[in-house]
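Quick look at model-v8.cif (mmCIF, C-alpha atoms):
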```cif
data_data
loop_
_atom_site.group_PDB
_atom_site.id
_atom_site.type_symbol
_atom_site.label_atom_id
_atom_site.label_comp_id
_atom_site.auth_asym_id
_atom_site.auth_seq_id
_atom_site.Cartn_x
_atom_site.Cartn_y
_atom_site.Cartn_z
ATOM 1 C CA MET T 1 50.896 72.300 -21.807
ATOM 2 C CA MET T 2 49.532 70.133 -24.649
ATOM 3 C CA ARG T 3 48.678 73.228 -26.709
ATOM 4 C CA LYS T 4 52.234 74.494 -26.298
ATOM 5 C CA THR T 5 53.601 71.061 -27.245
ATOM 6 C CA HIS T 6 51.290 70.905 -30.264
ATOM 7 C CA LEU T 7 52.317 74.422 -31.328
ATOM 8 C CA ILE T 8 55.999 73.561 -30.972
ATOM 9 C CA GLY T 9 55.464 70.359 -32.977
ATOM 10 C CA SER T 10 53.688 72.271 -35.739
ATOM 11 C CA VAL T 11 56.479 74.843 -35.900
ATOM 12 C CA ILE T 12 59.086 72.068 -36.104
ATOM 13 C CA ILE T 13 57.215 70.436 -39.006
ATOM 14 C CA LEU T 14 56.961 73.748 -40.873
ATOM 15 C CA VAL T 15 60.651 74.521 -40.326
ATOM 16 C CA THR T 16 61.562 71.006 -41.466
ATOM 17 C CA ILE T 17 59.500 71.405 -44.613
ATOM 18 C CA ALA T 18 60.873 74.877 -45.355
ATOM 19 C CA ALA T 19 64.536 74.258 -44.547
ATOM 20 C CA GLY T 20 64.975 70.518 -44.796
ATOM 21 C CA GLY T 21 64.295 69.985 -48.450
ATOM 22 C CA TRP T 22 60.734 68.671 -48.166
ATOM 23 C CA SER T 23 58.845 69.514 -51.280
ATOM 24 C CA PRO T 24 55.176 69.623 -52.160
ATOM 25 C CA GLN T 25 56.273 68.084 -55.424
ATOM 26 C CA ILE T 26 55.790 70.892 -57.940
ATOM 27 C CA ASN T 27 55.653 69.145 -61.297
ATOM 28 C CA ALA T 28 58.806 68.988 -63.382
ATOM 29 C CA ALA T 29 57.549 71.661 -65.753
ATOM 30 C CA GLY T 30 56.423 73.938 -62.918
ATOM 31 C CA SER T 31 58.522 76.629 -61.335
ATOM 32 C CA GLY T 32 60.223 75.929 -58.046
ATOM 33 C CA ALA T 33 60.736 72.247 -58.779
ATOM 34 C CA ALA T 34 63.652 70.787 -56.874
ATOM 35 C CA GLU T 35 65.998 68.611 -58.902
ATOM 36 C CA ASN T 36 64.796 65.356 -57.303
ATOM 37 C CA ASP T 37 61.156 66.379 -57.177
ATOM 38 C CA THR T 38 59.141 65.452 -60.216
ATOM 39 C CA THR T 39 55.495 65.772 -59.359
ATOM 40 C CA SER T 40 52.759 67.613 -57.508
ATOM 41 C CA PRO T 41 49.773 66.567 -55.419
ATOM 42 C CA GLU T 42 47.888 69.229 -57.358
ATOM 43 C CA SER T 43 48.753 67.468 -60.617
ATOM 44 C CA GLY T 44 47.593 64.119 -59.270
ATOM 45 C CA THR T 45 50.937 62.325 -59.485
ATOM 46 C CA GLY T 46 53.725 61.580 -57.069
ATOM 47 C CA PRO T 47 57.022 59.666 -57.055
ATOM 48 C CA LEU T 48 55.555 56.914 -54.858
ATOM 49 C CA ASP T 49 52.258 56.643 -56.748
ATOM 50 C CA GLY T 50 51.146 53.135 -57.585
ATOM 51 C CA MET T 51 52.794 51.657 -54.501
ATOM 52 C CA LYS T 52 50.717 49.719 -51.982
ATOM 53 C CA PHE T 53 52.282 48.280 -48.852
ATOM 54 C CA ILE T 54 50.730 45.575 -46.682
ATOM 55 C CA GLY T 55 51.790 45.657 -43.057
ATOM 56 C CA ALA T 56 50.750 46.627 -39.570
ATOM 57 C CA LEU T 57 50.812 49.417 -37.041
ATOM 58 C CA GLY T 58 50.774 49.666 -33.288
ATOM 59 C CA PRO T 59 51.502 52.015 -30.393
ATOM 60 C CA ASP T 60 55.096 53.269 -30.282
ATOM 61 C CA GLY T 61 57.345 50.666 -28.658
ATOM 62 C CA LYS T 62 54.673 47.961 -28.592
ATOM 63 C CA PRO T 63 53.788 45.157 -31.024
ATOM 64 C CA LYS T 64 52.368 46.228 -34.363
ATOM 65 C CA ASP T 65 49.206 44.152 -34.172
ATOM 66 C CA VAL T 66 46.734 46.099 -36.322
ATOM 67 C CA GLU T 67 46.850 44.984 -39.963
ATOM 68 C CA ASP T 68 46.876 47.845 -42.428
ATOM 69 C CA SER T 69 47.676 48.767 -45.986
ATOM 70 C CA PHE T 70 49.386 52.002 -46.977
ATOM 71 C CA VAL T 71 48.544 53.323 -50.439
ATOM 72 C CA PHE T 72 50.102 56.036 -52.589
ATOM 73 C CA GLU T 73 48.047 57.128 -55.600
ATOM 74 C CA ASN T 74 47.156 60.319 -57.445
ATOM 75 C CA GLY T 75 49.666 62.302 -55.387
ATOM 76 C CA THR T 76 48.050 61.196 -52.109
ATOM 77 C CA PHE T 77 48.744 58.817 -49.222
ATOM 78 C CA VAL T 78 46.212 56.895 -47.131
ATOM 79 C CA SER T 79 46.174 54.261 -44.419
ATOM 80 C CA LYS T 80 43.230 52.005 -45.261
ATOM 81 C CA GLU T 81 42.703 51.085 -41.579
ATOM 82 C CA CYS T 82 42.479 54.740 -40.563
ATOM 83 C CA GLU T 83 40.182 55.402 -43.508
ATOM 84 C CA LEU T 84 37.859 52.714 -42.122
ATOM 85 C CA ARG T 85 38.026 53.905 -38.510
ATOM 86 C CA CYS T 86 37.258 57.602 -38.971
ATOM 87 C CA GLU T 87 37.032 58.153 -42.724
ATOM 88 C CA TYR T 88 40.471 59.781 -42.738
ATOM 89 C CA PRO T 89 40.796 60.726 -46.414
ATOM 90 C CA ALA T 90 43.776 60.260 -48.696
ATOM 91 C CA ARG T 91 45.795 63.480 -48.587
ATOM 92 C CA PRO T 92 48.774 64.881 -50.508
ATOM 93 C CA TYR T 93 52.182 63.636 -49.478
ATOM 94 C CA PHE T 94 55.490 65.449 -49.565
ATOM 95 C CA VAL T 95 58.811 63.720 -50.255
ATOM 96 C CA ARG T 96 62.538 64.189 -49.833
ATOM 97 C CA GLN T 97 65.140 61.944 -51.436
ATOM 98 C CA ASN T 98 67.687 60.679 -48.931
ATOM 99 C CA GLY T 99 70.120 58.559 -50.937
ATOM 100 C CA THR T 100 68.278 55.352 -51.854
ATOM 101 C CA LYS T 101 65.459 56.189 -49.444
ATOM 102 C CA THR T 102 62.411 58.344 -50.027
ATOM 103 C CA ASP T 103 61.191 60.088 -46.889
ATOM 104 C CA PHE T 104 57.580 61.239 -46.910
ATOM 105 C CA ILE T 105 55.194 63.206 -44.736
ATOM 106 C CA SER T 106 51.420 63.554 -44.985
ATOM 107 C CA GLU T 107 48.679 64.939 -42.757
ATOM 108 C CA THR T 108 45.030 63.917 -42.779
ATOM 109 C CA LYS T 109 42.032 65.031 -40.746
ATOM 110 C CA CYS T 110 38.929 63.156 -39.673
ATOM 111 C CA PRO T 111 35.935 64.835 -41.338
ATOM 112 C CA TYR T 112 33.663 64.622 -38.289
ATOM 113 C CA LYS T 113 36.021 64.850 -35.275
ATOM 114 C CA ASP T 114 38.688 67.332 -34.271
ATOM 115 C CA ALA T 115 41.337 64.694 -34.962
ATOM 116 C CA LYS T 116 44.291 64.445 -37.304
ATOM 117 C CA ILE T 117 47.141 62.085 -38.115
ATOM 118 C CA ILE T 118 50.596 63.192 -39.214
ATOM 119 C CA TRP T 119 52.421 60.415 -41.079
ATOM 120 C CA ARG T 120 56.229 60.435 -41.310
ATOM 121 C CA GLY T 121 57.866 57.519 -43.040
ATOM 122 C CA THR T 122 60.520 56.130 -45.320
ATOM 123 C CA VAL T 123 60.206 53.965 -48.400
ATOM 124 C CA GLU T 124 63.321 51.994 -49.275
ATOM 125 C CA GLY T 125 63.164 49.274 -51.887
ATOM 126 C CA ASP T 126 60.079 47.181 -51.128
ATOM 127 C CA THR T 127 59.610 48.321 -47.515
ATOM 128 C CA ILE T 128 57.878 51.163 -45.750
ATOM 129 C CA LYS T 129 58.316 52.124 -42.128
ATOM 130 C CA GLY T 130 57.735 55.123 -39.976
ATOM 131 C CA LYS T 131 55.704 56.762 -37.249
ATOM 132 C CA SER T 132 52.368 58.498 -37.165
ATOM 133 C CA THR T 133 51.149 60.970 -34.582
ATOM 134 C CA TRP T 134 47.431 60.888 -33.845
ATOM 135 C CA VAL T 135 46.066 64.040 -32.201
ATOM 136 C CA VAL T 136 42.470 64.419 -31.069
ATOM 137 C CA LYS T 137 41.202 67.527 -29.334
ATOM 138 C CA ARG T 138 38.539 67.211 -26.709
ATOM 139 C CA TRP T 139 36.613 69.987 -25.059
ATOM 140 C CA TYR T 140 39.087 70.336 -22.202
ATOM 141 C CA TRP T 141 42.142 68.273 -23.171
ATOM 142 C CA THR T 142 44.126 67.001 -26.124
ATOM 143 C CA VAL T 143 45.143 63.378 -26.614
ATOM 144 C CA GLU T 144 48.326 62.677 -28.575
ATOM 145 C CA ASN T 145 49.582 59.179 -29.360
ATOM 146 C CA THR T 146 52.440 57.963 -31.534
ATOM 147 C CA PHE T 147 52.201 54.771 -33.572
ATOM 148 C CA GLU T 148 54.842 52.843 -35.510
ATOM 149 C CA PHE T 149 54.058 51.271 -38.869
ATOM 150 C CA GLU T 150 55.818 49.053 -41.368
ATOM 151 C CA GLY T 151 54.970 47.036 -44.426
ATOM 152 C CA LYS T 152 56.125 45.258 -47.565
ATOM 153 C CA LEU T 153 55.336 46.251 -51.129
ATOM 154 C CA ALA T 154 52.295 44.417 -52.433
ATOM 155 C CA GLU T 155 51.688 46.245 -55.697
ATOM 156 C CA SER T 156 53.546 48.720 -57.856
ATOM 157 C CA SER T 157 51.080 49.688 -60.560
ATOM 158 C CA PRO T 158 48.842 52.776 -60.581
ATOM 159 C CA SER T 159 45.991 50.695 -62.021
ATOM 160 C CA THR T 160 46.118 48.162 -59.169
ATOM 161 C CA ALA T 161 46.734 50.532 -56.254
ATOM 162 C CA SER T 162 43.096 51.650 -56.314
ATOM 163 C CA SER T 163 41.667 48.134 -56.100
ATOM 164 C CA ASP T 164 41.270 48.373 -52.311
#
```
So that I can check it, write out the structure of this file as structure tokens.
Amino acid sequence: MMRKTHLIGSVIILVTIAAGGWSPQINAAGSGAAENDTTSPESGTGPLDGMKFIGALGPDGKPKDVEDSFVFENGTFVSKECELRCEYPARPYFVRQNGTKTDFISETKCPYKDAKIIWRGTVEGDTIKGKSTWVVKRWYWTVENTFEFEGKLAESSPSTASSD
């Protein structure tokens, strides 16, 4: 059942990316660039780069009691807490403009476990909020948990975002 759910979830994400306007941020000079999309993870820049949010995360529907910082730099996104827990690396993020909001999605994998986190969030003004889905595969079952996160802008300079 979990494999079917995971497969359905993956298909939904791919359809959303393909049909919903999500873009891997092809740079403005590159072909296929959407009008609102100005950058590419491959080029090392992104529209949210230089932003660092300080906040917290917690299980869906429960208090957000784990302090975290969420960093966008060089076309990538990373949760510093998750980086500490399982060395989840910074990975490219994809964005979609939604009026004054910037929706983003990013997926990262633990380098030494069969585990991944899919981050879906929104940046509006000086706030970030969203949900992440943590999936870890075991030998005979799969664990899937959803977490909520939120934070306030702490920094907005590419040179200071890497100071963590």
Closest pair table for stretch 111-145 of chain T residues within 10 Å of stretch 75-96 of chain T, only C-alpha atoms, as a Markdown table:
```
| residue | atom | partner | partner_atom | distance |
| --- | --- | --- | --- | --- |
| T:Pro111 | CA | T:Glu87 | CA | 6.9 |
| T:Tyr112 | CA | T:Cys86 | CA | 7.9 |
| T:Lys113 | CA | T:Cys86 | CA | 8.2 |
| T:Ala115 | CA | T:Cys86 | CA | 9.1 |
| T:Lys116 | CA | T:Tyr88 | CA | 8.1 |
| T:Ile117 | CA | T:Tyr88 | CA | 8.4 |
| T:Trp119 | CA | T:Tyr93 | CA | 9.0 |
| T:Arg120 | CA | T:Tyr93 | CA | 9.7 |
| T:Gly121 | CA | T:Val95 | CA | 9.6 |
| T:Thr122 | CA | T:Val95 | CA | 9.2 |
```
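Proximity of T:Ile105, T:Cys110, T:Met51, T:Ile118 to T:Asn145, computed with only C-alpha atoms, is greatest for T:Ile118.
Using only C-alpha atoms for every distance, the candidate list T:Glu150, T:Thr45, T:Ser106, T:Gly99 yields T:Ser106 as the residue closest to T:Thr133.
Ranking T:Asn74, T:Ser69, T:Trp141, T:Pro59 by their shortest atom-to-atom distance to T:Pro47, with only C-alpha atoms included, puts T:Asn74 first.
For the pair atom CA of T:Glu148 and atom CA of T:Phe72, the separation is 18.0 Å.
Of note, atom CA of T:Asp68 and atom CA of T:Ala154 are spaced 11.9 Å apart.
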**Message:** Applying the PyMOL selection byres ((chain T and resi 67) around 7) to the file I just gave you, which residues come out? Please list them as a VMD selection string.
**Reply:** chain T and resid 55 to 57 65 to 66 68
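Rounded to one decimal, atom CA of T:Asp103 and atom CA of T:Ile54 lie 17.9 Å from each other.
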Using the chain letters and numbers from this file, what does the PyMOL selection byres ((chain T and resi 123) around 6) select? Give the answer as a PDB file with C-alpha atoms, in the coordinates of the input.
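Saved result, selection32.pdb, follows:
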```pdb
ATOM      1  CA  LYS T 101      65.459  56.189 -49.444  1.00  0.00           C
ATOM      2  CA  THR T 102      62.411  58.344 -50.027  1.00  0.00           C
ATOM      3  CA  THR T 122      60.520  56.130 -45.320  1.00  0.00           C
ATOM      4  CA  GLU T 124      63.321  51.994 -49.275  1.00  0.00           C
ATOM      5  CA  THR T 127      59.610  48.321 -47.515  1.00  0.00           C
ATOM      6  CA  ILE T 128      57.878  51.163 -45.750  1.00  0.00           C
TER       7      ILE T 128
END
```
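Distance check against T:Lys152 using all atoms listed in the file: of T:Pro63, T:Gly46, T:Phe53, T:Gly58, the minimum falls on T:Phe53.
Here the PyMOL selection byres ((chain T and resi 136) around 6) catches exactly these residues: Asp114, Ala115, Val135, Lys137, Thr142 and Val143 of chain T.
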How big is the axis-aligned box around all listed atoms of stretch 53-68 of chain T once 3 Å goes on each side, and where's its centre, in Å to one decimal, as AutoDock Vina command-line options?
```
--center_x 52.0 --center_y 48.7 --center_z -38.7 --size_x 16.6 --size_y 15.1 --size_z 26.3
```
